[in-house]
Structures are given as structure tokens and as C-alpha cells.
>>> print(open('start13.txt').read())   # compact mmCIF, C-alpha atoms and all ligand atoms
# COMPACT_ATOMS: atom_id res chain seq x y z
CA MET A 1204 -15.47 20.14 -18.85
CA ASP A 1205 -12.02 20.07 -20.44
CA GLU A 1206 -10.91 16.45 -20.73
CA ASN A 1207 -7.31 17.20 -19.82
CA LYS A 1208 -8.52 18.88 -16.67
CA LEU A 1209 -10.50 15.77 -15.72
CA VAL A 1210 -7.40 13.64 -16.15
CA SER A 1211 -5.14 16.01 -14.25
CA ASP A 1212 -7.69 16.26 -11.42
CA PHE A 1213 -7.62 12.49 -11.13
CA ASN A 1214 -3.81 12.39 -11.16
CA THR A 1215 -3.57 15.18 -8.60
CA GLU A 1216 -5.90 13.36 -6.27
CA THR A 1217 -4.02 10.06 -6.41
CA GLU A 1218 -0.70 11.87 -5.94
CA GLN A 1219 -2.11 13.72 -2.96
CA ALA A 1220 -3.19 10.42 -1.39
CA PHE A 1221 0.24 8.94 -2.09
CA ARG A 1222 2.02 11.89 -0.50
CA THR A 1223 -0.19 11.94 2.58
CA ALA A 1224 0.35 8.21 3.10
CA TRP A 1225 4.08 8.58 2.59
CA HIS A 1226 4.42 11.55 4.96
CA SER A 1227 2.41 9.77 7.62
CA GLU A 1228 4.04 8.33 10.68
CA LYS A 1229 4.68 4.62 10.57
CA GLY A 1230 1.32 2.83 10.52
CA GLY A 1231 -0.72 6.01 10.10
CA ASP A 1232 -1.28 9.26 11.93
CA GLU A 1233 -3.97 11.88 12.46
CA ASN A 1234 -3.49 13.50 9.09
CA TRP A 1235 -3.74 10.18 7.28
CA ASN A 1236 -6.78 9.14 9.31
CA ARG A 1237 -8.48 12.39 8.32
CA LEU A 1238 -7.86 11.58 4.67
CA LEU A 1239 -9.21 8.04 5.14
CA GLU A 1240 -12.27 9.46 6.81
CA SER A 1241 -12.85 11.97 4.01
CA TYR A 1242 -13.09 9.01 1.59
CA GLY A 1243 -15.17 6.89 3.95
CA VAL A 1244 -12.39 4.33 4.28
CA SER A 1245 -12.00 2.49 7.57
CA PRO A 1246 -8.45 2.19 8.81
CA LEU A 1247 -7.08 -1.20 9.76
CA SER A 1248 -8.02 -2.22 13.28
CA PRO A 1249 -5.41 -1.75 16.01
CA ALA A 1250 -5.06 -5.56 16.16
CA GLU A 1251 -4.40 -5.78 12.42
CA LYS A 1252 -1.88 -2.95 12.61
CA GLU A 1253 -0.07 -4.59 15.47
CA MET A 1254 0.08 -7.85 13.57
CA LEU A 1255 1.53 -6.11 10.53
CA ILE A 1256 4.05 -4.14 12.58
CA ASN A 1257 5.30 -7.45 13.98
CA SER A 1258 5.27 -9.26 10.64
CA GLU A 1259 8.16 -9.65 8.22
CA MET A 1260 6.85 -6.83 6.08
CA LYS A 1261 8.87 -4.08 7.71
CA ILE A 1262 8.13 -0.47 7.02
CA SER A 1263 10.19 2.49 8.11
CA ARG A 1264 7.49 5.13 7.71
CA GLY A 1265 4.11 5.82 6.17
CA ALA A 1266 0.64 4.36 6.27
CA PHE A 1267 0.09 0.71 5.39
CA PRO A 1268 -0.16 0.02 1.64
CA ILE A 1269 -3.56 -1.64 1.95
CA GLU A 1270 -5.06 1.58 3.27
CA LEU A 1271 -3.63 3.56 0.35
CA ARG A 1272 -5.13 0.96 -2.01
CA ARG A 1273 -8.54 1.47 -0.45
CA VAL A 1274 -8.25 5.22 -0.96
CA TYR A 1275 -7.13 4.72 -4.59
CA GLU A 1276 -10.21 2.57 -5.14
CA LYS A 1277 -12.46 5.30 -3.79
CA ILE A 1278 -10.78 7.93 -5.96
CA ILE A 1279 -11.26 5.75 -9.05
CA ASP A 1280 -14.93 5.11 -8.19
CA LYS A 1281 -15.48 8.81 -7.74
CA HIS A 1282 -13.91 9.73 -11.08
CA ARG A 1283 -15.72 6.92 -12.90
CA LEU A 1284 -18.82 9.07 -12.64
CA GLY A 1285 -17.28 11.64 -14.96
CA ALA A 1286 -15.59 9.10 -17.19
CA SER A 1287 -18.58 8.24 -19.32
CA SER A 1288 -18.31 11.59 -21.07
CA SER A 1289 -14.54 11.57 -21.43
CA GLU A 1290 -12.53 8.99 -23.27
CA LYS A 1291 -9.28 10.42 -21.97
CA LEU A 1292 -10.35 10.10 -18.37
CA ASN A 1293 -11.70 6.64 -19.03
CA ASN A 1294 -8.33 5.63 -20.44
CA ALA A 1295 -6.51 7.12 -17.47
CA LEU A 1296 -8.74 5.22 -15.04
CA ASN A 1297 -8.40 1.97 -16.94
CA SER A 1298 -4.65 2.22 -17.21
CA PHE A 1299 -4.20 2.90 -13.49
CA ASP A 1300 -2.33 -0.26 -12.54
CA MET A 1301 -3.36 -0.81 -8.93
CA GLU A 1302 -0.90 -3.60 -8.15
CA SER A 1303 2.14 -1.72 -9.38
CA LYS A 1304 0.98 1.58 -7.85
CA VAL A 1305 0.69 -0.05 -4.45
CA LEU A 1306 4.00 -1.82 -4.92
CA GLU A 1307 5.64 1.46 -5.93
CA TYR A 1308 4.43 2.93 -2.64
CA TYR A 1309 5.71 -0.03 -0.65
CA GLN A 1310 9.15 0.43 -2.22
CA LYS A 1311 9.20 3.93 -0.79
CA ILE A 1312 8.28 3.04 2.77
CA LYS A 1313 10.29 -0.10 3.29
CA PRO A 1314 13.58 0.02 5.16
CA PHE A 1315 16.95 -0.30 3.40
CA SER A 1316 15.68 1.58 0.40
CA GLY A 1317 18.50 4.14 0.44
CA MET A 1318 22.22 4.20 1.09
CA SER A 1319 21.88 6.09 4.35
CA ASP A 1320 19.50 3.43 5.68
CA ILE A 1321 21.92 0.68 4.77
CA PHE A 1322 24.71 2.26 6.81
CA LYS A 1323 22.48 3.23 9.68
CA ASN A 1324 21.24 -0.32 10.08
CA ALA A 1325 24.43 -2.10 9.11
CA GLY A 1326 24.98 -3.56 12.57
CA THR A 1327 21.65 -5.25 13.06
CA GLY A 1328 20.29 -5.61 9.55
CA THR A 1329 21.91 -8.80 8.32
CA GLN A 1330 20.90 -10.94 11.23
CA LYS A 1331 17.33 -9.75 11.16
CA TYR A 1332 17.17 -10.28 7.45
CA SER A 1333 18.30 -13.88 7.53
CA SER A 1334 16.04 -14.85 10.40
CA GLY A 1335 13.22 -13.20 8.46
CA LEU A 1336 14.01 -15.36 5.45
CA GLN A 1337 13.97 -18.53 7.48
CA LYS A 1338 10.65 -17.66 9.00
CA GLU A 1339 9.24 -16.92 5.59
CA LYS A 1340 9.84 -20.44 4.35
CA GLN A 1341 7.31 -21.84 6.81
CA HIS A 1342 4.45 -19.97 5.21
CA THR A 1343 2.40 -21.67 2.54
CA PHE A 1344 0.90 -18.67 0.84
CA LYS A 1345 2.61 -15.52 -0.32
CA CYS A 1346 1.25 -12.40 -1.91
CA LYS A 1347 2.22 -12.34 -5.56
CA ASN A 1348 2.32 -8.56 -5.53
CA CYS A 1349 4.31 -7.57 -2.44
CA GLY A 1350 5.60 -10.92 -1.20
CA ALA A 1351 3.90 -10.75 2.19
CA PRO A 1352 3.31 -14.15 3.74
CA ARG A 1353 -0.24 -14.98 4.66
CA LEU A 1354 -0.48 -14.54 8.40
CA GLU A 1355 -1.86 -17.68 9.92
CA GLU A 1356 -3.20 -15.98 13.00
CA MET A 1357 -6.36 -14.95 11.22
CA GLN A 1358 -8.59 -15.60 8.22
CA TYR A 1359 -8.73 -13.18 5.35
CA ASP A 1360 -8.88 -13.28 1.58
CA ASN A 1361 -6.82 -10.33 0.38
CA CYS A 1362 -3.25 -9.60 1.36
CA LEU A 1363 -3.45 -7.78 4.67
CA PHE A 1364 -0.38 -5.75 3.85
CA CYS A 1365 -1.03 -4.46 0.33
CA GLY A 1366 -4.63 -5.55 -0.26
CA SER A 1367 -3.87 -7.63 -3.34
CA ILE A 1368 -6.08 -10.62 -4.11
CA LEU A 1369 -3.10 -12.34 -5.69
CA PHE A 1370 -2.16 -14.93 -3.09
CA GLU A 1371 -0.32 -17.87 -4.55
CA LYS A 1372 0.91 -21.13 -3.19
CA THR A 1373 4.69 -21.34 -2.93
ZN ZN A 1401 0.56 -8.06 -0.72
>>> encode(input="start13.txt", output="C-alpha cells")
Amino acid sequence: MDENKLVSDFNTETEQAFRTAWHSEKGGDENWNRLLESYGVSPLSPAEKEMLINSEMKISRGAFPIELRRVYEKIIDKHRLGASSSEKLNNALNSFDMESKVLEYYQKIKPFSGMSDIFKNAGTGTQKYSSGLQKEKQHTFKCKNCGAPRLEEMQYDNCLFCGSILFEKT
């Protein structure tokens, strides 16, 4: 098969996942769950979602970044199968920077990302923001990628918000 086609198929598929996550209702919706299912990815449990919704990592829309990461991983695995015969595809897969791709998505779903959001939330934003900062200081571990504090309510290794393994002591 044409190597460029292999690469563009891979790109199309990751973009499709990105768009579906982004167009999803806050925390996921039916359409997003269908996509997860088609890749054999389990969504976060309702308890995990509730914990994230109530955490400092506010989102204004879209599925949770960690779920998009899991889909990206599946897409990469799938295309790896064809990569042995194509150097171009192999390069595309290897240069897919998971941490920054997930972070790029988070930038799009977090509140206050645009001017209209800033004005809309002007009344309540500042107070929430500063109380959020104070709370943050009590946490020992923070995700190096997205900045999410490690939630102490439960045990887990990867960042529950973005799925990164890059927790660091602050
Ligand atoms: Zn994270």
C-alpha cells in the first residue's frame, strides 16, 4: 500500500478521535462511549468521573483526556501492525508525542481558554481560581504533564486526569 496513504490514515484516525472527544458533552456522552467501545477501551467508572468533575482540573466540555489517551494508544497499536513495511508510517508513529497531544487536547477543553469565557465567568472566576490554588498546595504529587494533583482519595499510578505516568514530587 502507498506509504503516504498509511500515514494519512493514521492521522485521520487520531484527528477523528480528537474531534469526537472534543465534541462530546462534558465527561463523555453516547457518541464518545461508542467510539471507546469500538476500540475496546473502558470508560472511567462513574466514581472516577465524579471525582474528576469535583477536582481542581476543571473542564468546560469534552471527554476526559485520559480516555482520549487510551484511544490514541489503541490507534497506535493498530497501525503498528502495518508499520513494519513502511518507514514513513513507523516515523509517524514514533514521533507521535503522547504527552503533548493529550495536553493539547486539555488546552481545548479547559475553561477560560477564550475571551468570551473570560467575560462570561468574570464574576465568579477569580475567587474560585484562588481557592483552587490554595487547595493545590496541600497536595504532594502533581502530574508533570497536565499539573493535576494526585487525588488522595484513592490509589493509582498514572494521572487520573490525563493518564500520564509522570507524577513528580513538588
Ligand atoms: Zn496529568
>>> atom_distance(input="start13.txt", atom1="atom CA of Phe1344 of chain A", atom2="atom CA of Phe1299 of chain A")
26.4 Å
>>> closest_atom_pairs(input="start13.txt", of="chain A", to="ligand ZN 1401 (chain A)", cutoff="8 Å", atoms="all atoms listed in the file", output="CSV")
residue,atom,partner,partner_atom,distance
A:Lys1345,CA,A:ZN1401,ZN,7.7
A:Cys1346,CA,A:ZN1401,ZN,4.6
A:Lys1347,CA,A:ZN1401,ZN,6.7
A:Asn1348,CA,A:ZN1401,ZN,5.1
A:Cys1349,CA,A:ZN1401,ZN,4.2
A:Gly1350,CA,A:ZN1401,ZN,5.8
A:Ala1351,CA,A:ZN1401,ZN,5.2
A:Asn1361,CA,A:ZN1401,ZN,7.8
A:Cys1362,CA,A:ZN1401,ZN,4.6
A:Leu1363,CA,A:ZN1401,ZN,6.7
A:Phe1364,CA,A:ZN1401,ZN,5.2
A:Cys1365,CA,A:ZN1401,ZN,4.1
A:Gly1366,CA,A:ZN1401,ZN,5.8
A:Ser1367,CA,A:ZN1401,ZN,5.2
A:Ile1368,CA,A:ZN1401,ZN,7.9
A:Leu1369,CA,A:ZN1401,ZN,7.5
A:Phe1370,CA,A:ZN1401,ZN,7.8
>>> residues_around(input="start13.txt", residues="segment 1218-1233 of chain A", least_positions_apart="2", cutoff="6 Å", atoms="only C-alpha atoms", output="ChimeraX atom specification")
/A:1215-1216,1235-1236,1264-1267
>>> write_last_selection(input="start13.txt", atoms="C-alpha atoms", output="PDB file, in the frame of the given file")
ATOM      1  CA  THR A1215      -3.570  15.180  -8.600  1.00  0.00           C
ATOM      2  CA  GLU A1216      -5.900  13.360  -6.270  1.00  0.00           C
ATOM      3  CA  TRP A1235      -3.740  10.180   7.280  1.00  0.00           C
ATOM      4  CA  ASN A1236      -6.780   9.140   9.310  1.00  0.00           C
ATOM      5  CA  ARG A1264       7.490   5.130   7.710  1.00  0.00           C
ATOM      6  CA  GLY A1265       4.110   5.820   6.170  1.00  0.00           C
ATOM      7  CA  ALA A1266       0.640   4.360   6.270  1.00  0.00           C
ATOM      8  CA  PHE A1267       0.090   0.710   5.390  1.00  0.00           C
TER       9      PHE A1267
END
>>> atom_distance(input="start13.txt", atom1="atom CA of Asn1214 of chain A", atom2="atom CA of Ile1278 of chain A")
9.8 Å
>>> closest_residue(input="start13.txt", among="A:Leu1247, A:Met1260, A:Leu1239, A:Val1210", to="Gln1310 of chain A", atoms="only C-alpha atoms")
A:Met1260
>>> closest_residue(input="start13.txt", among="A:Ile1262, A:Val1305, A:Leu1284, A:Val1244", to="Phe1213 of chain A", atoms="only C-alpha atoms")
A:Leu1284
>>> atom_distance(input="start13.txt", atom1="atom CA of Lys1291 of chain A", atom2="atom CA of Gly1243 of chain A")
26.8 Å
>>> closest_residue(input="start13.txt", among="A:Ser1289, A:Ser1258, A:Asn1234, A:Ser1303", to="Leu1354 of chain A", atoms="all atoms listed in the file")
A:Ser1258
>>> residues_near_point(input="start13.txt", point="(9.4, -1.2, 7.5)", cutoff="6 Å", atoms="all atoms listed in the file", output="VMD selection string")
chain A and resid 1261 to 1263 1313 to 1314
>>> build_atoms(input="start13.txt", residues="segment 1219-1231 of chain A", atoms="N, CA and C atoms", output="PDB file, in the coordinates of the input")
ATOM      1  N   GLN A1219      -1.871  13.157  -4.290  1.00  0.00           N
ATOM      2  CA  GLN A1219      -2.110  13.720  -2.960  1.00  0.00           C
ATOM      3  C   GLN A1219      -2.249  12.596  -1.914  1.00  0.00           C
ATOM      4  N   ALA A1220      -2.995  11.567  -2.289  1.00  0.00           N
ATOM      5  CA  ALA A1220      -3.190  10.420  -1.390  1.00  0.00           C
ATOM      6  C   ALA A1220      -1.838   9.743  -1.131  1.00  0.00           C
ATOM      7  N   PHE A1221      -1.076   9.556  -2.200  1.00  0.00           N
ATOM      8  CA  PHE A1221       0.240   8.940  -2.090  1.00  0.00           C
ATOM      9  C   PHE A1221       1.124   9.731  -1.123  1.00  0.00           C
ATOM     10  N   ARG A1222       1.155  11.045  -1.336  1.00  0.00           N
ATOM     11  CA  ARG A1222       2.020  11.890  -0.500  1.00  0.00           C
ATOM     12  C   ARG A1222       1.600  11.862   0.963  1.00  0.00           C
ATOM     13  N   THR A1223       0.302  11.934   1.189  1.00  0.00           N
ATOM     14  CA  THR A1223      -0.190  11.940   2.580  1.00  0.00           C
ATOM     15  C   THR A1223       0.159  10.610   3.267  1.00  0.00           C
ATOM     16  N   ALA A1224      -0.001   9.523   2.531  1.00  0.00           N
ATOM     17  CA  ALA A1224       0.350   8.210   3.100  1.00  0.00           C
ATOM     18  C   ALA A1224       1.848   8.162   3.410  1.00  0.00           C
ATOM     19  N   TRP A1225       2.630   8.647   2.484  1.00  0.00           N
ATOM     20  CA  TRP A1225       4.080   8.580   2.590  1.00  0.00           C
ATOM     21  C   TRP A1225       4.602   9.470   3.725  1.00  0.00           C
ATOM     22  N   HIS A1226       3.979  10.637   3.915  1.00  0.00           N
ATOM     23  CA  HIS A1226       4.420  11.550   4.960  1.00  0.00           C
ATOM     24  C   HIS A1226       3.882  11.167   6.335  1.00  0.00           C
ATOM     25  N   SER A1227       2.999  10.199   6.347  1.00  0.00           N
ATOM     26  CA  SER A1227       2.410   9.770   7.620  1.00  0.00           C
ATOM     27  C   SER A1227       3.466   9.089   8.494  1.00  0.00           C
ATOM     28  N   GLU A1228       3.203   9.119   9.784  1.00  0.00           N
ATOM     29  CA  GLU A1228       4.040   8.330  10.680  1.00  0.00           C
ATOM     30  C   GLU A1228       3.821   6.861  10.358  1.00  0.00           C
ATOM     31  N   LYS A1229       4.758   6.050  10.804  1.00  0.00           N
ATOM     32  CA  LYS A1229       4.680   4.620  10.570  1.00  0.00           C
ATOM     33  C   LYS A1229       3.332   4.059  11.061  1.00  0.00           C
ATOM     34  N   GLY A1230       2.600   3.447  10.147  1.00  0.00           N
ATOM     35  CA  GLY A1230       1.320   2.830  10.520  1.00  0.00           C
ATOM     36  C   GLY A1230       0.146   3.788  10.540  1.00  0.00           C
ATOM     37  N   GLY A1231       0.371   5.040  10.162  1.00  0.00           N
ATOM     38  CA  GLY A1231      -0.720   6.010  10.100  1.00  0.00           C
ATOM     39  C   GLY A1231      -0.650   7.050  11.196  1.00  0.00           C
TER      40      GLY A1231
END
